[in-house]
Amino acid sequence: MMIVLWVSRLIRKLYMASPSNDSTAPVSEFLLICFPNFQNWQHWLSLPLGLLFLLAMGANAILLITIQLEASLHQPLYYLLSLLSLLDIVLCLTVIPKVLAIFWFGLRSISFPACFLQMFIMNSFLPMESCTFMVMAYDRYVAICHPLRYSSIITDKFVARAVVFVIARNAFVSLPVPVLSARLRYCAGNTVKNCICTNLSVSKLSCDDITFNQLYQFVAGWTLLGSDLILIFISYSFILKVVLRIKAEGVVAKALSTCGSHFILILFFSTVLLVLVITNLARKRIPPDVPILLNILHHLIPPALNPIVYGVRTKEIKQGIQNLLRR
């Protein structure tokens, strides 16, 4: 949260010093136009989005409370799962309430600092989730491939360092994206054809050259996400190699079961992200509203599914939730 507050102050300073602020028509806010071609069905879409938002908030809150209250869940893997839930909650609160406010009340305006703060959170917290999945994959690798050394490697100190790494790496690498956009001169209007302040949608309104801006986001994004996915793939390759060597009956199924929930979530996260990238690359061949909808869903469906998948497939969490409900 301290990083978010610091970035918010930085963006405000950039806005006060930006070239566009000295022009005859300074941009103090943007207007978000959701689904420019299908605005008449926004009210119908708001219902499932609202329900998914409540599900995501409720499920993650229950998971966090369960891990906090159940002493048996005070273990490194569940601390990492708590971090994932916190990231999901922040992402949902950053994107979905504003989208629903546009759908229900027509509140399309968003201030200059708020727009770029939203851009920073989206560009940094998604890689934070990917990095958390990578750390969780390493946790499973140590647990299965080096079980005797697990308690000495995966300690509370390791988790604390991992959390600092997850936040620091992705926040500082992603910070230039909103900073570069906030320094642009906006002279092509203030109407953003999107429900959220994505870098591509906002920077299009600038009369400056945005090549470096877009190139940095592309390189930084794929460096962060790509390196995480490669390390996750390597971890699971070693896990699968070790598991297939095990001859004891039932041990293979138990080992794979401990990784099942984690692998399902990684697969879904990667698949949705890949679909979103493909639709953006094929923007000229598909309606412009499709990438907008997929972008919103990518900030909503994984946060709703993550705690549910873990709650259903993990015996310890399921037992903890039952104990919580009995209280």
# chains A, B, ... in the order shown; residues from 1 in each chain; ligands from 1
call {"tool": "closest_atom_pairs", "arguments": {"of": "stretch 112-170 of chain A", "to": "stretch 70-94 of chain A", "cutoff": "7 Å", "atoms": "only C-alpha atoms", "output": "tab-separated table"}}
result
residue	atom	partner	partner_atom	distance
A:Gln118	CA	A:Thr94	CA	6.3
A:Met122	CA	A:Leu91	CA	6.8
A:Phe125	CA	A:Leu87	CA	6.5
A:Glu129	CA	A:Leu84	CA	6.2
A:Thr132	CA	A:Leu84	CA	6.7
A:Met136	CA	A:Leu77	CA	6.8
A:Ile154	CA	A:Pro76	CA	6.8
A:Thr155	CA	A:Pro76	CA	6.6
A:Asp156	CA	A:Pro76	CA	6.2
A:Val159	CA	A:Pro76	CA	6.2
call {"tool": "select_by_dssp", "arguments": {"residues": "stretch 51-290 of chain A", "states": "strand (DSSP E or B)", "output": "PDB file with N, CA, C and O atoms, in the first residue's frame"}}
result
ATOM      1  N   SER A 109     -16.343   9.787 -16.005  1.00  0.00           N
ATOM      2  CA  SER A 109     -15.132  10.586 -15.808  1.00  0.00           C
ATOM      3  C   SER A 109     -14.210   9.951 -14.767  1.00  0.00           C
ATOM      4  O   SER A 109     -14.653   9.356 -13.788  1.00  0.00           O
ATOM      5  N   ILE A 110     -12.928  10.089 -15.019  1.00  0.00           N
ATOM      6  CA  ILE A 110     -11.896   9.640 -14.080  1.00  0.00           C
ATOM      7  C   ILE A 110     -10.782  10.672 -14.119  1.00  0.00           C
ATOM      8  O   ILE A 110     -10.372  11.120 -15.202  1.00  0.00           O
ATOM      9  N   SER A 111     -10.312  11.091 -12.964  1.00  0.00           N
ATOM     10  CA  SER A 111      -9.304  12.146 -12.914  1.00  0.00           C
ATOM     11  C   SER A 111      -7.986  11.674 -13.512  1.00  0.00           C
ATOM     12  O   SER A 111      -7.715  10.472 -13.608  1.00  0.00           O
ATOM     13  N   TYR A 186      -1.482  15.638 -24.061  1.00  0.00           N
ATOM     14  CA  TYR A 186      -2.760  15.121 -24.549  1.00  0.00           C
ATOM     15  C   TYR A 186      -3.535  16.249 -25.234  1.00  0.00           C
ATOM     16  O   TYR A 186      -4.041  17.160 -24.584  1.00  0.00           O
ATOM     17  N   THR A 191     -11.466  11.407 -24.513  1.00  0.00           N
ATOM     18  CA  THR A 191     -12.391  10.277 -24.531  1.00  0.00           C
ATOM     19  C   THR A 191     -11.629   8.982 -24.781  1.00  0.00           C
ATOM     20  O   THR A 191     -11.057   8.783 -25.861  1.00  0.00           O
ATOM     21  N   VAL A 192     -11.625   8.118 -23.763  1.00  0.00           N
ATOM     22  CA  VAL A 192     -10.932   6.827 -23.853  1.00  0.00           C
ATOM     23  C   VAL A 192     -11.952   5.753 -24.208  1.00  0.00           C
ATOM     24  O   VAL A 192     -12.919   5.547 -23.474  1.00  0.00           O
ATOM     25  N   SER A 206      -2.568  11.043 -27.131  1.00  0.00           N
ATOM     26  CA  SER A 206      -1.447  11.978 -27.090  1.00  0.00           C
ATOM     27  C   SER A 206      -1.044  12.404 -28.501  1.00  0.00           C
ATOM     28  O   SER A 206      -1.203  11.660 -29.475  1.00  0.00           O
TER      29      SER A 206
END
call {"tool": "closest_residue", "arguments": {"among": "A:Leu117, A:Leu225, A:Leu100, A:Ile246", "to": "A:Leu49", "atoms": "only C-alpha atoms"}}
result
A:Leu100
call {"tool": "residues_around", "arguments": {"residues": "A:Leu224", "least_positions_apart": "4", "cutoff": "8 Å", "atoms": "only C-alpha atoms", "output": "list in words"}}
result
Pro127, Cys131, Asn170, Ala220 and Asp228 of chain A
call {"tool": "residues_around", "arguments": {"residues": "A:Pro36", "least_positions_apart": "3", "cutoff": "10 Å", "atoms": "only C-alpha atoms", "output": "ChimeraX atom specification"}}
result
/A:32-33,39-40,192-195,288-289
call {"tool": "residues_around", "arguments": {"residues": "A:Gln214", "least_positions_apart": "3", "cutoff": "10 Å", "atoms": "only C-alpha atoms", "output": "JSON, numbers by chain"}}
result
{"A": [177, 180, 181, 199, 200, 203, 209, 210, 211, 217, 218, 219, 220]}
call {"tool": "closest_residue", "arguments": {"among": "A:Val290, A:Ile239, A:Trp44, A:Ala304", "to": "A:Val142", "atoms": "only C-alpha atoms"}}
result
A:Ile239
call {"tool": "residues_around", "arguments": {"residues": "stretch 297-300 of chain A", "least_positions_apart": "5", "cutoff": "9 Å", "atoms": "only C-alpha atoms", "output": "MDAnalysis selection string"}}
result
chainID A and resid 49 52:53 56 88 91:92 95:96 122 126 269 272:273 276 292 305
call {"tool": "residues_around", "arguments": {"residues": "A:Ile144", "least_positions_apart": "5", "cutoff": "9 Å", "atoms": "only C-alpha atoms", "output": "list in words"}}
result
Asp139, Tyr150, Ile239, Val242, Val243 and Ala255 of chain A
call {"tool": "select_by_dssp", "arguments": {"residues": "stretch 9-134 of chain A", "states": "helix (DSSP H, G or I)", "output": "PyMOL selection string"}}
result
chain A and resi 9-17+19-22+39-69+71-73+76-105+112-134
call {"tool": "atom_distance", "arguments": {"atom1": "atom CA of A:Pro147", "atom2": "atom CA of A:Phe268"}}
result
27.6 Å
call {"tool": "closest_residue", "arguments": {"among": "A:Ser227, A:Asn306, A:Ser152, A:Thr271", "to": "A:Leu294", "atoms": "only C-alpha atoms"}}
result
A:Thr271
call {"tool": "closest_residue", "arguments": {"among": "A:Ala168, A:Val173, A:Leu325, A:Ile153", "to": "A:Gly221", "atoms": "only C-alpha atoms"}}
result
A:Val173
call {"tool": "closest_residue", "arguments": {"among": "A:Val312, A:Ile317, A:Val202, A:Cys34", "to": "A:Phe112", "atoms": "only C-alpha atoms"}}
result
A:Val202
